[in-house]
Amino acid sequence: MSTSHSIAAKKFLENQKYATWHDKTFWGVREKRDKMAFDLPEWERLRDKASEIKKHTLTNIDKYLEMFSDAAEKNGVEVHWAKDAEEFNEIVYDILKSHNAKKLVKSKSMLTEECQMNPYLEARGIEVVETDLGERILQLDHQAPSHIVMPATHLSHDDVGKIFERELGTEKGNHDPTYLTYMARLSLRNEFLTADAGMTGANFGIAATGDIVVCTNEGNADMSTSVPKLQIAAIGLEKIIPDYEALSVFVRLLARSATGQPSTVYTSHFRKARPGAEKMHIVIVDNGRSKWLGDPEHWESLKCIRCGSCMNTCPVYRWSGGYSYSYFIPGPIGINLGMLRDPKKYSGNVSACTLCLSCQCVCPAKVDLGTQIYKWRQVLDSYGVANKEKKMMVKGMDLIYDHPSLYNAATACAHFLNGMEPLVNNGLNPWAYAHKMMKFPKKPFHKQFEELDKSGD
């Protein structure tokens, strides 16, 4: 059964002050993205190139996966293949168990969120420590990410201060961001030094060399791989790109699109286990991706490079927050990925779109996000999840539009509703929530147009 986005969003909007702050925060990131884009005359050519590279790689993914695997194995890396989330979790656990590892430190990875790896390992006695600051804050407070790049932005420094007081024993009432960051660093430093294994996700996998490339602003991926003796990298098969020439296109787009930076502070490349380390493992995960590639309408969702720019620009996400979506990835890309995953379960999200198409205008890989959401809406009835009220409305509109006399009568009388505002702007009309219904003109547009046409003006 799908969960309605509108119901969850209504709860978020109960705190209008917070909702306004959330909107301004993410629109500010969008503005930074625009400044970076406008400063590059070749920006649109880079987007075109990124889209072409992704299309080429994905439509030849068998070739590039084999190339990546062969190159990685030549580097001494052990490559594993996981067909789904269950197999991925089993592989990671078996690796840790074979090395007698009890504590795993990991940098941010939406793939491990997708596969619910943390609770799987924890249930089997493995301590898992998130090292991205935002993810660590959420882990301490038992929350999920509300954004794929800035997972804890929905929390204020006072919220974080209270979490740290409770979980890390910081000074009561001291919510200064500099102090909180310092205390987080001290706490994480000990976790790095006592970890048996480290894990990273991957922003990109380089087929020609077998390299894993990870982009961060905190350096936590480097610490997760340079201190523990065992290194594991998890990568979705869609993250493979051909070579370093292709990478040069994506690194110019990624941070500019995500956070409005010229580049991330760290762009780390991992090719083999460091000297003195036991082993490096790479787990390549399918988990539905090969099936999605065969979908002629929606395969382009796999071009996504997880920058989050579609969320930052989306008016619905900005005003409803990440937790109003039932899929673990929110926003436009999350709507599409959720529908690919399970259209019945996640159909409640497709209403969370105005079809303004701002998302696909900013997407660095030119994923047609809004267009795909529109296509999903057209097939909801075939899954048995179409909204009954909307279906009834559409039938009524068909009746009126198919009969010009009815249409002319309805538009000629519509202005009488202007004097009955309480009957329209009330709790029984969902559209009236946070909106005011339009004022109808006394003379409909088509009549005005006819008169102008006859007069020759």
# chains A, B, ... in the order shown; residues from 1 in each chain; ligands from 1
call {"tool": "select_by_dssp", "arguments": {"residues": "range 101-332 of chain A", "states": "helix (DSSP H, G or I)", "output": "JSON, numbers by chain"}}
result
{"A": [110, 111, 112, 113, 114, 117, 118, 119, 120, 121, 122, 133, 134, 135, 136, 137, 138, 139, 140, 157, 158, 159, 160, 161, 162, 163, 164, 165, 166, 167, 168, 177, 178, 179, 180, 181, 182, 183, 184, 185, 186, 187, 188, 189, 190, 191, 192, 193, 194, 220, 221, 222, 223, 224, 225, 226, 237, 238, 239, 244, 245, 246, 247, 248, 249, 250, 251, 252, 253, 254, 255, 256, 257, 258, 289, 290, 291, 292, 293, 299, 300, 301, 302, 303, 309, 310, 311, 312, 313, 315, 316, 317, 318, 319, 320, 322, 323, 324, 331, 332]}
call {"tool": "residues_around", "arguments": {"residues": "range 75-83 of chain A", "least_positions_apart": "3", "cutoff": "9 Å", "atoms": "only C-alpha atoms", "output": "list in words"}}
result
Ser69, Asp70, Ala71, Ala72, Glu86, Glu87, Phe88, Asn89, Ile91, Thr209, Gly210, Arg271, Lys272, Ala273, Lys279, Met280, His281, Ile282, Val283, Ile284, Val285, Asp286, Asn287 and Gly288 of chain A
call {"tool": "closest_atom_pairs", "arguments": {"of": "range 121-161 of chain A", "to": "range 8-22 of chain A", "cutoff": "10 Å", "atoms": "only C-alpha atoms", "output": "CSV"}}
result
residue,atom,partner,partner_atom,distance
A:Thr153,CA,A:His22,CA,8.5
A:His154,CA,A:His22,CA,7.0
A:Leu155,CA,A:His22,CA,9.9
call {"tool": "closest_residue", "arguments": {"among": "A:Gly201, A:Gly294, A:Gly338, A:Pro332", "to": "Thr225 in chain A", "atoms": "only C-alpha atoms"}}
result
A:Gly201
call {"tool": "residues_around", "arguments": {"residues": "Asp48 in chain A", "least_positions_apart": "6", "cutoff": "10 Å", "atoms": "only C-alpha atoms", "output": "PyMOL selection string"}}
result
chain A and resi 42+364-366
call {"tool": "write_last_selection", "arguments": {"atoms": "C-alpha atoms", "output": "PDB file, in the first residue's frame"}}
result
ATOM      1  CA  GLU A  42      31.019  25.580 -21.461  1.00  0.00           C
ATOM      2  CA  PRO A 364      24.109  17.756 -14.692  1.00  0.00           C
ATOM      3  CA  ALA A 365      23.521  14.473 -16.529  1.00  0.00           C
ATOM      4  CA  LYS A 366      20.308  15.737 -18.173  1.00  0.00           C
TER       5      LYS A 366
END
call {"tool": "residues_around", "arguments": {"residues": "range 187-189 of chain A", "least_positions_apart": "3", "cutoff": "12 Å", "atoms": "only C-alpha atoms", "output": "ChimeraX atom specification"}}
result
/A:105-107,129-133,136-137,140,164,167-170,180-184,192-195,218-220,223-224,227
call {"tool": "closest_residue", "arguments": {"among": "A:Leu340, A:Cys314, A:Arg256, A:His175", "to": "Pro296 in chain A", "atoms": "only C-alpha atoms"}}
result
A:Leu340
call {"tool": "residues_around", "arguments": {"residues": "range 409-426 of chain A", "least_positions_apart": "3", "cutoff": "9 Å", "atoms": "only C-alpha atoms", "output": "compact mmCIF listing (two decimals) with C-alpha atoms, in the first residue's frame"}}
result
# COMPACT_ATOMS: atom_id res chain seq x y z
CA ILE A 400 -17.17 19.11 -20.54
CA PRO A 404 -18.50 22.72 -26.55
CA SER A 405 -21.94 23.86 -25.40
CA LEU A 406 -21.30 22.55 -21.89
CA ASN A 429 -11.17 21.45 -0.84
CA PRO A 430 -7.59 20.08 -0.55
CA TRP A 431 -6.34 22.66 -3.05
CA ALA A 432 -7.45 25.45 -0.70
CA TYR A 433 -4.84 24.31 1.85
CA HIS A 435 -3.66 28.27 -1.59
CA LYS A 436 -6.48 30.55 -2.58
CA MET A 437 -8.58 29.51 -5.51
CA MET A 438 -8.34 31.60 -8.66
CA LYS A 439 -10.76 34.42 -9.47
CA PHE A 440 -12.71 33.63 -12.61
CA PRO A 441 -13.10 36.44 -15.20
CA LYS A 442 -16.58 37.51 -16.19
CA LYS A 443 -15.71 36.94 -19.82
CA PRO A 444 -13.76 33.70 -20.53
call {"tool": "select_by_dssp", "arguments": {"residues": "range 5-185 of chain A", "states": "strand (DSSP E)", "output": "list of chain:residue names"}}
result
A:Glu78, A:Val79, A:His80, A:Trp81, A:Ala82, A:Lys103, A:Leu104, A:Val105, A:Lys106, A:Glu127, A:Val128, A:Val129, A:Glu130
call {"tool": "residues_around", "arguments": {"residues": "His56 in chain A", "least_positions_apart": "5", "cutoff": "10 Å", "atoms": "only C-alpha atoms", "output": "list in words"}}
result
Ala50, Ser51, Ile61, Ile241 and Pro242 of chain A
call {"tool": "write_last_selection", "arguments": {"atoms": "all heavy atoms", "output": "PDB file, in the first residue's frame"}}
result
ATOM      1  N   ALA A  50      28.256  14.864 -20.384  1.00  0.00           N
ATOM      2  CA  ALA A  50      27.982  13.933 -19.288  1.00  0.00           C
ATOM      3  C   ALA A  50      26.838  12.996 -19.641  1.00  0.00           C
ATOM      4  O   ALA A  50      26.893  11.786 -19.388  1.00  0.00           O
ATOM      5  CB  ALA A  50      27.649  14.717 -18.017  1.00  0.00           C
ATOM      6  N   SER A  51      25.811  13.558 -20.244  1.00  0.00           N
ATOM      7  CA  SER A  51      24.664  12.746 -20.650  1.00  0.00           C
ATOM      8  C   SER A  51      25.069  11.704 -21.694  1.00  0.00           C
ATOM      9  O   SER A  51      24.669  10.537 -21.621  1.00  0.00           O
ATOM     10  CB  SER A  51      23.558  13.652 -21.206  1.00  0.00           C
ATOM     11  OG  SER A  51      22.444  12.901 -21.623  1.00  0.00           O
ATOM     12  N   ILE A  61      27.117  -1.536 -20.725  1.00  0.00           N
ATOM     13  CA  ILE A  61      27.558  -1.752 -19.348  1.00  0.00           C
ATOM     14  C   ILE A  61      28.250  -3.093 -19.153  1.00  0.00           C
ATOM     15  O   ILE A  61      29.160  -3.220 -18.328  1.00  0.00           O
ATOM     16  CB  ILE A  61      26.371  -1.595 -18.365  1.00  0.00           C
ATOM     17  CG1 ILE A  61      26.869  -1.443 -16.922  1.00  0.00           C
ATOM     18  CG2 ILE A  61      25.389  -2.744 -18.505  1.00  0.00           C
ATOM     19  CD1 ILE A  61      27.683  -0.198 -16.676  1.00  0.00           C
ATOM     20  N   ILE A 241      32.213   4.463 -15.163  1.00  0.00           N
ATOM     21  CA  ILE A 241      32.435   5.316 -16.335  1.00  0.00           C
ATOM     22  C   ILE A 241      33.698   4.836 -17.051  1.00  0.00           C
ATOM     23  O   ILE A 241      34.518   4.137 -16.445  1.00  0.00           O
ATOM     24  CB  ILE A 241      32.536   6.812 -15.958  1.00  0.00           C
ATOM     25  CG1 ILE A 241      33.669   7.048 -14.951  1.00  0.00           C
ATOM     26  CG2 ILE A 241      31.205   7.314 -15.407  1.00  0.00           C
ATOM     27  CD1 ILE A 241      33.896   8.532 -14.633  1.00  0.00           C
ATOM     28  N   PRO A 242      33.893   5.189 -18.318  1.00  0.00           N
ATOM     29  CA  PRO A 242      34.967   4.552 -19.095  1.00  0.00           C
ATOM     30  C   PRO A 242      36.388   4.823 -18.606  1.00  0.00           C
ATOM     31  O   PRO A 242      37.181   3.893 -18.451  1.00  0.00           O
ATOM     32  CB  PRO A 242      34.764   5.125 -20.507  1.00  0.00           C
ATOM     33  CG  PRO A 242      33.323   5.505 -20.559  1.00  0.00           C
ATOM     34  CD  PRO A 242      32.994   5.984 -19.180  1.00  0.00           C
TER      35      PRO A 242
END
call {"tool": "closest_residue", "arguments": {"among": "A:Cys215, A:Ile329, A:Lys103, A:Ala258", "to": "Leu230 in chain A", "atoms": "only C-alpha atoms"}}
result
A:Lys103
call {"tool": "closest_residue", "arguments": {"among": "A:Ser382, A:Gln360, A:Gln139, A:Asn349", "to": "Val160 in chain A", "atoms": "only C-alpha atoms"}}
result
A:Gln139
call {"tool": "atom_distance", "arguments": {"atom1": "CA of Lys229 in chain A", "atom2": "CA of Met117 in chain A"}}
result
20.5 Å
call {"tool": "residues_around", "arguments": {"residues": "Leu337 in chain A", "least_positions_apart": "4", "cutoff": "7 Å", "atoms": "only C-alpha atoms", "output": "list in words"}}
result
Ser301, Ile333 and Arg341 of chain A
call {"tool": "closest_residue", "arguments": {"among": "A:Tyr64, A:Arg124, A:Thr264, A:Ser226", "to": "Val149 in chain A", "atoms": "only C-alpha atoms"}}
result
A:Thr264
call {"tool": "closest_residue", "arguments": {"among": "A:Leu369, A:Leu104, A:Leu186, A:Ile126", "to": "Glu300 in chain A", "atoms": "only C-alpha atoms"}}
result
A:Leu369
call {"tool": "decode", "arguments": {"residues": "range 261-290 of chain A", "atoms": "N, CA, C and O atoms", "output": "CSV table (one decimal), in the first residue's frame"}}
result
chain,number,residue,atom,x,y,z
A,261,GLN,N,30.1,24.5,-5.1
A,261,GLN,CA,31.6,24.5,-4.9
A,261,GLN,C,32.3,24.3,-6.3
A,261,GLN,O,31.7,23.5,-7.1
A,262,PRO,N,33.5,24.8,-6.5
A,262,PRO,CA,34.2,24.4,-7.8
A,262,PRO,C,34.5,22.9,-7.8
A,262,PRO,O,34.5,22.3,-8.8
A,263,SER,N,34.8,22.4,-6.6
A,263,SER,CA,35.1,21.0,-6.5
A,263,SER,C,34.9,20.6,-5.0
A,263,SER,O,34.9,21.5,-4.1
A,264,THR,N,34.8,19.3,-4.7
A,264,THR,CA,34.8,18.9,-3.3
A,264,THR,C,36.2,19.1,-2.8
A,264,THR,O,37.2,19.1,-3.5
A,265,VAL,N,36.3,19.2,-1.5
A,265,VAL,CA,37.7,19.4,-0.8
A,265,VAL,C,38.6,18.2,-1.1
A,265,VAL,O,39.8,18.4,-1.4
A,266,TYR,N,38.0,17.0,-1.1
A,266,TYR,CA,38.8,15.8,-1.4
A,266,TYR,C,38.2,15.1,-2.6
A,266,TYR,O,37.0,14.9,-2.6
A,267,THR,N,39.0,14.7,-3.5
A,267,THR,CA,38.6,13.8,-4.6
A,267,THR,C,39.6,12.6,-4.5
A,267,THR,O,40.7,12.7,-5.0
A,268,SER,N,39.2,11.6,-3.8
A,268,SER,CA,40.1,10.5,-3.5
A,268,SER,C,40.0,9.3,-4.4
A,268,SER,O,38.9,8.9,-4.8
A,269,HIS,N,41.2,8.8,-4.8
A,269,HIS,CA,41.3,7.7,-5.8
A,269,HIS,C,41.9,6.5,-5.1
A,269,HIS,O,43.0,6.6,-4.5
A,270,PHE,N,41.2,5.4,-5.1
A,270,PHE,CA,41.6,4.1,-4.5
A,270,PHE,C,41.8,3.1,-5.6
A,270,PHE,O,40.8,2.7,-6.2
A,271,ARG,N,43.0,2.6,-5.7
A,271,ARG,CA,43.3,1.6,-6.8
A,271,ARG,C,43.7,0.2,-6.2
A,271,ARG,O,43.3,-0.8,-6.8
A,272,LYS,N,44.3,0.2,-5.1
A,272,LYS,CA,44.7,-1.0,-4.5
A,272,LYS,C,44.9,-0.8,-3.0
A,272,LYS,O,44.8,0.3,-2.5
A,273,ALA,N,45.1,-1.9,-2.2
A,273,ALA,CA,45.2,-1.8,-0.8
A,273,ALA,C,46.5,-1.1,-0.5
A,273,ALA,O,47.6,-1.3,-1.2
A,274,ARG,N,46.5,-0.2,0.5
A,274,ARG,CA,47.7,0.5,0.8
A,274,ARG,C,48.8,-0.4,1.4
A,274,ARG,O,48.4,-1.5,1.9
A,275,PRO,N,50.0,0.0,1.4
A,275,PRO,CA,51.1,-0.8,1.9
A,275,PRO,C,50.8,-1.1,3.4
A,275,PRO,O,50.5,-0.2,4.2
A,276,GLY,N,51.0,-2.4,3.8
A,276,GLY,CA,50.7,-2.8,5.2
A,276,GLY,C,49.3,-3.2,5.5
A,276,GLY,O,49.0,-3.8,6.5
A,277,ALA,N,48.4,-2.9,4.5
A,277,ALA,CA,47.0,-3.3,4.7
A,277,ALA,C,46.8,-4.7,4.3
A,277,ALA,O,47.6,-5.3,3.5
A,278,GLU,N,45.7,-5.3,4.8
A,278,GLU,CA,45.5,-6.8,4.5
A,278,GLU,C,44.9,-7.0,3.1
A,278,GLU,O,45.4,-7.8,2.3
A,279,LYS,N,43.9,-6.2,2.7
A,279,LYS,CA,43.2,-6.5,1.5
A,279,LYS,C,42.3,-5.3,1.1
A,279,LYS,O,41.8,-4.6,2.0
A,280,MET,N,42.0,-5.1,-0.2
A,280,MET,CA,41.0,-4.2,-0.6
A,280,MET,C,39.9,-5.1,-1.4
A,280,MET,O,40.3,-5.9,-2.3
A,281,HIS,N,38.7,-4.9,-1.0
A,281,HIS,CA,37.6,-5.6,-1.7
A,281,HIS,C,36.7,-4.5,-2.4
A,281,HIS,O,36.4,-3.5,-1.8
A,282,ILE,N,36.2,-4.9,-3.5
A,282,ILE,CA,35.1,-4.1,-4.2
A,282,ILE,C,33.9,-4.9,-4.4
A,282,ILE,O,34.0,-6.0,-5.0
A,283,VAL,N,32.7,-4.4,-4.0
A,283,VAL,CA,31.5,-5.2,-4.2
A,283,VAL,C,30.7,-4.4,-5.2
A,283,VAL,O,30.3,-3.2,-4.9
A,284,ILE,N,30.4,-5.0,-6.4
A,284,ILE,CA,29.6,-4.4,-7.4
A,284,ILE,C,28.2,-4.9,-7.3
A,284,ILE,O,27.9,-6.1,-7.2
A,285,VAL,N,27.2,-3.9,-7.1
A,285,VAL,CA,25.9,-4.3,-6.8
A,285,VAL,C,24.9,-4.0,-7.9
A,285,VAL,O,25.0,-2.9,-8.5
A,286,ASP,N,24.0,-5.0,-8.2
A,286,ASP,CA,23.0,-4.8,-9.2
A,286,ASP,C,21.7,-4.3,-8.5
A,286,ASP,O,21.3,-3.1,-8.7
A,287,ASN,N,21.1,-5.1,-7.7
A,287,ASN,CA,19.9,-4.8,-7.0
A,287,ASN,C,18.8,-4.1,-7.8
A,287,ASN,O,18.3,-3.0,-7.5
A,288,GLY,N,18.5,-4.7,-9.0
A,288,GLY,CA,17.4,-4.2,-9.8
A,288,GLY,C,17.9,-3.3,-11.0
A,288,GLY,O,17.1,-3.1,-11.9
A,289,ARG,N,19.1,-2.9,-11.0
A,289,ARG,CA,19.6,-1.9,-12.0
A,289,ARG,C,19.6,-2.5,-13.4
A,289,ARG,O,19.3,-1.8,-14.3
A,290,SER,N,20.0,-3.8,-13.5
A,290,SER,CA,20.0,-4.4,-14.9
A,290,SER,C,18.6,-4.5,-15.4
A,290,SER,O,18.4,-4.3,-16.7
